[in-house]
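Presented below is the structure to which this report refers.
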Amino acid sequence: MARKRKQLPETPEPASIESLSHDGRGIARRDGKTTFIDNALPGEEVMFKFTYMRRKFDEGKAVEIVRASPDRVEPPCQHSTLCGGCSLQHMNPD
């Protein structure tokens, strides 16, 4: 018998991004649990939606940048947020 998956929250949640993971996702700590958030940079305040919830960590995607990092730039590729091939095009390389 298959196990039921937990329903993901539909409403966006706030998070403060502390650092970057090895694969370019923002890292936030919420209630002692690590959350990896796509399209988020260190120092940013974001609203995100959960994409996956696990026992030890969660994953999500930023849906709104409340306070942007000074390192955030406009990505040169218009498809950067859709395809995922260039994970840090929204970050200043300097």
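Here, A, B, ... name the chains of the structure tokens in the order displayed, residue numbers run from 1 inside each chain, and ligands are numbered from 1 in the same displayed order.
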Please produce, as JSON lines, a per-residue contact table for range 51-79 of chain A versus range 11-30 of chain A (criterion: any atom at most 9 Å away, only C-alpha atoms considered), showing the nearest atom pair and its distance in Å to one decimal, sorted by chain then residue number.
```
{"residue": "A:Ala62", "atom": "CA", "partner": "A:Pro12", "partner_atom": "CA", "distance": 8.6}
{"residue": "A:Val63", "atom": "CA", "partner": "A:Pro12", "partner_atom": "CA", "distance": 7.6}
{"residue": "A:Glu64", "atom": "CA", "partner": "A:Pro12", "partner_atom": "CA", "distance": 8.8}
{"residue": "A:Val66", "atom": "CA", "partner": "A:Pro14", "partner_atom": "CA", "distance": 8.9}
```
Those same residues - N, CA and C atoms - I'd like them written as a compact mmCIF listing (two decimals), in the first residue's frame.
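That gives us part-v7.txt:
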```
# COMPACT_ATOMS: atom_id res chain seq x y z
N ALA A 62 11.54 30.74 -4.46
CA ALA A 62 11.16 32.11 -4.16
C ALA A 62 10.12 32.59 -5.17
N VAL A 63 9.03 33.14 -4.67
CA VAL A 63 7.99 33.68 -5.55
C VAL A 63 7.97 35.20 -5.52
N GLU A 64 8.61 35.78 -4.48
CA GLU A 64 8.70 37.24 -4.37
C GLU A 64 9.97 37.59 -3.60
N VAL A 66 11.34 40.22 -1.31
CA VAL A 66 10.87 41.33 -0.48
C VAL A 66 11.97 42.38 -0.33
```
For Asp71 in chain A, which residue out of A:Leu88, A:Arg3, A:Thr34, A:Thr51 is the nearest one, using only C-alpha atoms? A:Leu88
Quick one: DSSP helix (DSSP H, G or I) residues in chain A, as number ranges by chain? A: 80-83
Serialized selection, C-alpha atoms, as a compact mmCIF listing (two decimals), in the first residue's frame:
```txt
# COMPACT_ATOMS: atom_id res chain seq x y z
CA SER A 80 17.13 31.53 -16.68
CA THR A 81 14.26 31.20 -14.21
CA LEU A 82 12.45 28.61 -16.33
CA CYS A 83 14.99 26.04 -17.50
```
